[in-house]
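Have a look at the structure below before the remarks.
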Amino acid sequence: MEQQQKKESKQSEKPQYIRAYAAMVLSRTLDKKIVSAQRQGRVGFYTPTMGQEALQVGVSMALEKEDLVYGYYRDVPMMLHRGVPIETIINQIMGNSADTAKGRQMPSHYTSKALHFMSVQSPVASNLPLAAGAAYALKYRQKKNVVVTTFGDGATSTPDFHAGMNLAAVFKLPLVFVCENNGWAISLPVERQTPVEISLKASAYGMPGVKADGMNFVEMYKVARAAIQDARAGKGPTLIDALSYRMGPHSTSDDPTKYRKDDVKEGSEKDPLVIGEKLLISMDYADDKLLEKIRNEAVKTVDERFDACEKIPPPDPITAFQDVYKNMTWMLEEEVKDIL
Ligand SMILES: Cc1ncc(C[n+]2csc(CCOP(=O)(O)OP(=O)(O)O)c2C)c(N)n1
Ligand SMILES: [Mg+2]
């Protein structure tokens, strides 16, 4: 009986784990494609996400479809795992006419209304108080959904971190704080940003703070699942300190060789994708052939979709004047006449 149950749980877990790995691979492949396209002058700017795939996918695995994410500029793996079409990301980076925001946002400032991924904002940690507000609304309306908000280690040194954490704790909100602790805030290492371990900051607000190995998607899934279950059950917020590493530059405008050695090399034992592959093989969920097939499919998908998105024309200039007022003001009308 027990063995039967174990077998059944393995059967349901296997596709979920394979899907998680596939999302990590797709994100990594896209990351490299965009960085190389930026170097060729085909893309203006991008914030790579290499090294943070496992932690994000682990969190996403624990979420329900209707849950809300107040993420930040590095959350491509989470978006892809949640089912956001890859074109949504590429069109946003390119700011073309198919972009949801019509090219008005800086690249890497994604949004997906359909999959409840709120629009990314530039000011570090400004998503945290908004996430608390959304969680307050869910609680007030007695909904069973939760909010997850993600941010970097540097974000924990800002006033908005305090505002979000305090609000969530006081009102016992259904909110999980996920610190994507990649060790760096641009060129500043975490130990120079903040003198305590990030998980300890939770105790100042009277909420649990847990550390998780963010390079291991299965561990991350389990830690996130527990925190999300607590939030859904009305037990209040948790802070997760997801230890990872920013394997690439801060952005395509940054040169990390000026201030650090790259400690986690792609394809090395520390790479979260390599760790994920070993986990899948040890659980007997995948073999080298399947992993190879997933990698090849990712390359094909990324190449095809990237090329197709690149052919999409830029937004019509008139769109720069739209969507602010229902009816354009006379001043805007005059400006349109002058410019277009
Ligand atoms: C309030 C604010 N201050 C400074 C910046 C400039 N800035 C953009 S990203 C960044 C570093 C953030 O580091 P961290 O929170 O660790 O996230 P990571 O980029 O490492 O994922 C800084 C200082 C900003 N966007 N907003
Ligand atoms: Mg950081």
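A note on labels: chains of the structure tokens are A, B, ... as shown, every chain counts residues from 1, and ligands are counted from 1 in their shown order.
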Next item on the list: Enumerate residues in contact with ligand 2: an atom-to-atom distance of at most 9 Å, counting only C-alpha atoms and all ligand atoms. Format the result as a PyMOL selection string.
Entry: chain A and resi 151-155+179-186+188-190+245-246+250
Note to self: Can you tell me, as a list in words, which residues in region 4-152 of chain A count as strand (DSSP E or B) by DSSP?
What the structure shows: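 Checking each residue of region 4-152 of chain A, the strand (DSSP E or B) ones are Leu68, Val69, Tyr70, Ser112, Phe117, Val147, Val148, Thr149, Thr150, Phe151 and Gly152 of chain A.
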Using only C-alpha atoms, find each residue in region 37-156 of chain A having at least one atom no more than 8 Å away from region 308-312 of chain A; report its shortest atom-to-atom pair and that distance in Å (one decimal), rows by chain then rising number, as CSV.
```
residue,atom,partner,partner_atom,distance
A:Glu87,CA,A:Cys309,CA,6.8
A:Ile90,CA,A:Cys309,CA,6.8
A:Asn91,CA,A:Cys309,CA,6.2
A:Met94,CA,A:Glu310,CA,7.5
A:Asn96,CA,A:Ile312,CA,6.4
A:Ser97,CA,A:Ile312,CA,6.8
A:Ala98,CA,A:Ile312,CA,7.1
```
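Residues in contact with Tyr205 (chain A) at 9 Å, where only C-alpha atoms are counted and same-chain residues fewer than 3 positions away are skipped, are listed as His162, Met165, Asn166, Ala168, Ala169, Val170, Lys201, Ala202 and Pro208 of chain A.
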Check: Near region 251-259 of chain A, counting only C-alpha atoms, which residues have an atom at most 12 Å away, once you skip same-chain residues fewer than 2 positions from it, shown as a PyMOL selection string?
Finding: chain A and resi 31-32+34-41+43-50+73-74+107-108+184-189+246-249+261-263
Selected residues, C-alpha atoms, written as a PDB file, in the first residue's frame, please.
```pdb
ATOM      1  CA  ASP A  31      19.466  34.709 -21.469  1.00  0.00           C
ATOM      2  CA  LYS A  32      22.504  33.873 -23.562  1.00  0.00           C
ATOM      3  CA  ILE A  34      19.678  38.155 -25.549  1.00  0.00           C
ATOM      4  CA  VAL A  35      23.134  38.975 -24.173  1.00  0.00           C
ATOM      5  CA  SER A  36      24.794  38.041 -27.467  1.00  0.00           C
ATOM      6  CA  ALA A  37      22.141  39.993 -29.423  1.00  0.00           C
ATOM      7  CA  GLN A  38      22.849  43.011 -27.204  1.00  0.00           C
ATOM      8  CA  ARG A  39      26.553  42.722 -28.040  1.00  0.00           C
ATOM      9  CA  GLN A  40      25.591  42.761 -31.730  1.00  0.00           C
ATOM     10  CA  GLY A  41      23.529  45.937 -31.273  1.00  0.00           C
ATOM     11  CA  VAL A  43      18.947  44.785 -28.300  1.00  0.00           C
ATOM     12  CA  GLY A  44      19.515  47.879 -26.147  1.00  0.00           C
ATOM     13  CA  PHE A  45      19.772  46.543 -22.629  1.00  0.00           C
ATOM     14  CA  TYR A  46      19.089  43.457 -20.521  1.00  0.00           C
ATOM     15  CA  THR A  47      19.508  42.196 -16.962  1.00  0.00           C
ATOM     16  CA  PRO A  48      20.662  38.565 -17.196  1.00  0.00           C
ATOM     17  CA  THR A  49      19.211  36.022 -14.814  1.00  0.00           C
ATOM     18  CA  MET A  50      21.816  33.234 -15.010  1.00  0.00           C
ATOM     19  CA  TYR A  73      13.760  42.610 -13.353  1.00  0.00           C
ATOM     20  CA  ARG A  74      15.468  39.203 -13.077  1.00  0.00           C
ATOM     21  CA  PRO A 107      13.923  46.572 -21.219  1.00  0.00           C
ATOM     22  CA  SER A 108      13.602  43.860 -18.516  1.00  0.00           C
ATOM     23  CA  TRP A 184      25.833  41.244  -5.177  1.00  0.00           C
ATOM     24  CA  ALA A 185      24.055  44.568  -5.607  1.00  0.00           C
ATOM     25  CA  ILE A 186      25.795  45.630  -8.794  1.00  0.00           C
ATOM     26  CA  SER A 187      29.437  45.843  -7.590  1.00  0.00           C
ATOM     27  CA  LEU A 188      28.735  45.714  -3.853  1.00  0.00           C
ATOM     28  CA  PRO A 189      29.044  42.300  -2.176  1.00  0.00           C
ATOM     29  CA  ARG A 246      24.537  36.159 -10.050  1.00  0.00           C
ATOM     30  CA  MET A 247      26.529  34.265 -12.673  1.00  0.00           C
ATOM     31  CA  GLY A 248      26.442  37.064 -15.221  1.00  0.00           C
ATOM     32  CA  PRO A 249      26.947  40.821 -15.093  1.00  0.00           C
ATOM     33  CA  LYS A 261      36.119  36.843 -10.005  1.00  0.00           C
ATOM     34  CA  ASP A 262      33.357  34.761 -11.526  1.00  0.00           C
ATOM     35  CA  ASP A 263      33.022  32.133  -8.812  1.00  0.00           C
TER      36      ASP A 263
END
```
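Proximity of A:Ser268, A:Lys33, A:Thr156, A:Glu13 to Val299 (chain A), computed with only C-alpha atoms, is greatest for A:Lys33.
Nearest residue to Leu138 (chain A), choosing from A:His109, A:Arg192, A:His81, A:Arg232 and counting only C-alpha atoms: A:Arg232.
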Notebook entry, point to check: Could you work out how far CA of Lys113 (chain A) lies from atom 2 (C, counted along the ligand's line) of ligand 1, giving the answer in Å with one decimal?
Noted result: 24.7 Å
Item checked: Shortest interatomic distance to Pro237 (chain A) - which of A:Leu291, A:Val336, A:Val302, A:Ala135, counting only C-alpha atoms ->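 Smallest distance to Pro237 (chain A) is found for A:Ala135.
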Next item on the list: Please measure the separation of CA of Ala101 (chain A) and CA of Lys139 (chain A), giving the value in Å to one decimal.
Entry: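 CA of Lys139 (chain A) lies at a distance of 29.3 Å from CA of Ala101 (chain A).
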Next item on the list: Check the smallest atom-to-atom distance from each of A:Phe161, A:Trp330, A:Phe321, A:Tyr17 to ligand 1 using only C-alpha atoms and all ligand atoms, then report the winner.
Entry: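 Nearest to ligand 1: A:Phe161.
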Notebook entry, point to check: What is the distance, in Å and to one decimal place, between CA of Val124 (chain A) and CA of Asn216 (chain A)?
Noted result: 25.6 Å
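Proximity to Asn145 (chain A) was assessed for A:Leu68, A:Met78, A:Ala204, A:Leu167 counting only C-alpha atoms; the smallest distance is recorded for A:Leu68.
Look at region 294-298 of chain A: the protein and nucleic acid residues within 10 Å of it, using only C-alpha atoms and passing over chain neighbours fewer than 5 places away, are Ile18, Arg19, Tyr21, Ala22, Ala23, Met24, Val25, Leu26, Ser27, Arg28, Thr29, Leu30, Asp288, Lys289, Asp303 and Glu304 of chain A.
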Check: So, counting only C-alpha atoms and all ligand atoms, which residue among A:Gly209, A:Pro123, A:Pro195, A:Gly83 is closest to ligand 1?
Finding: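 Smallest distance to ligand 1 is found for A:Pro123.
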Note to self: Give me, as a ChimeraX atom specification, all polymer residues having an atom no more than 9 Å from Val223 (chain A), counting only C-alpha atoms and skipping those fewer than 6 positions away in the same chain.
What the structure shows: /A:58-59,210-212,240
Could you name the residues that touch Ile275 (chain A) at 10 Å or less, counting only C-alpha atoms, but leaving out those on the same chain fewer than 4 positions away, as a PDB file with C-alpha atoms, in the first residue's frame?
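Resulting contents of around_12.pdb:
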```
ATOM      1  CA  ALA A  54      16.444  27.190  -9.725  1.00  0.00           C
ATOM      2  CA  MET A 215      20.699  26.634  -6.389  1.00  0.00           C
ATOM      3  CA  ASN A 216      18.650  23.474  -5.803  1.00  0.00           C
ATOM      4  CA  PHE A 217      15.185  23.724  -7.339  1.00  0.00           C
ATOM      5  CA  VAL A 218      13.758  20.815  -5.343  1.00  0.00           C
ATOM      6  CA  GLY A 267      28.454  23.969 -16.537  1.00  0.00           C
ATOM      7  CA  SER A 268      30.371  23.616 -13.251  1.00  0.00           C
ATOM      8  CA  GLU A 269      29.182  21.637 -10.215  1.00  0.00           C
ATOM      9  CA  LYS A 270      27.784  24.849  -8.698  1.00  0.00           C
ATOM     10  CA  ASP A 271      25.636  25.755 -11.709  1.00  0.00           C
ATOM     11  CA  LEU A 279      18.824  15.592  -9.110  1.00  0.00           C
ATOM     12  CA  LEU A 280      16.636  14.405 -11.979  1.00  0.00           C
TER      13      LEU A 280
END
```
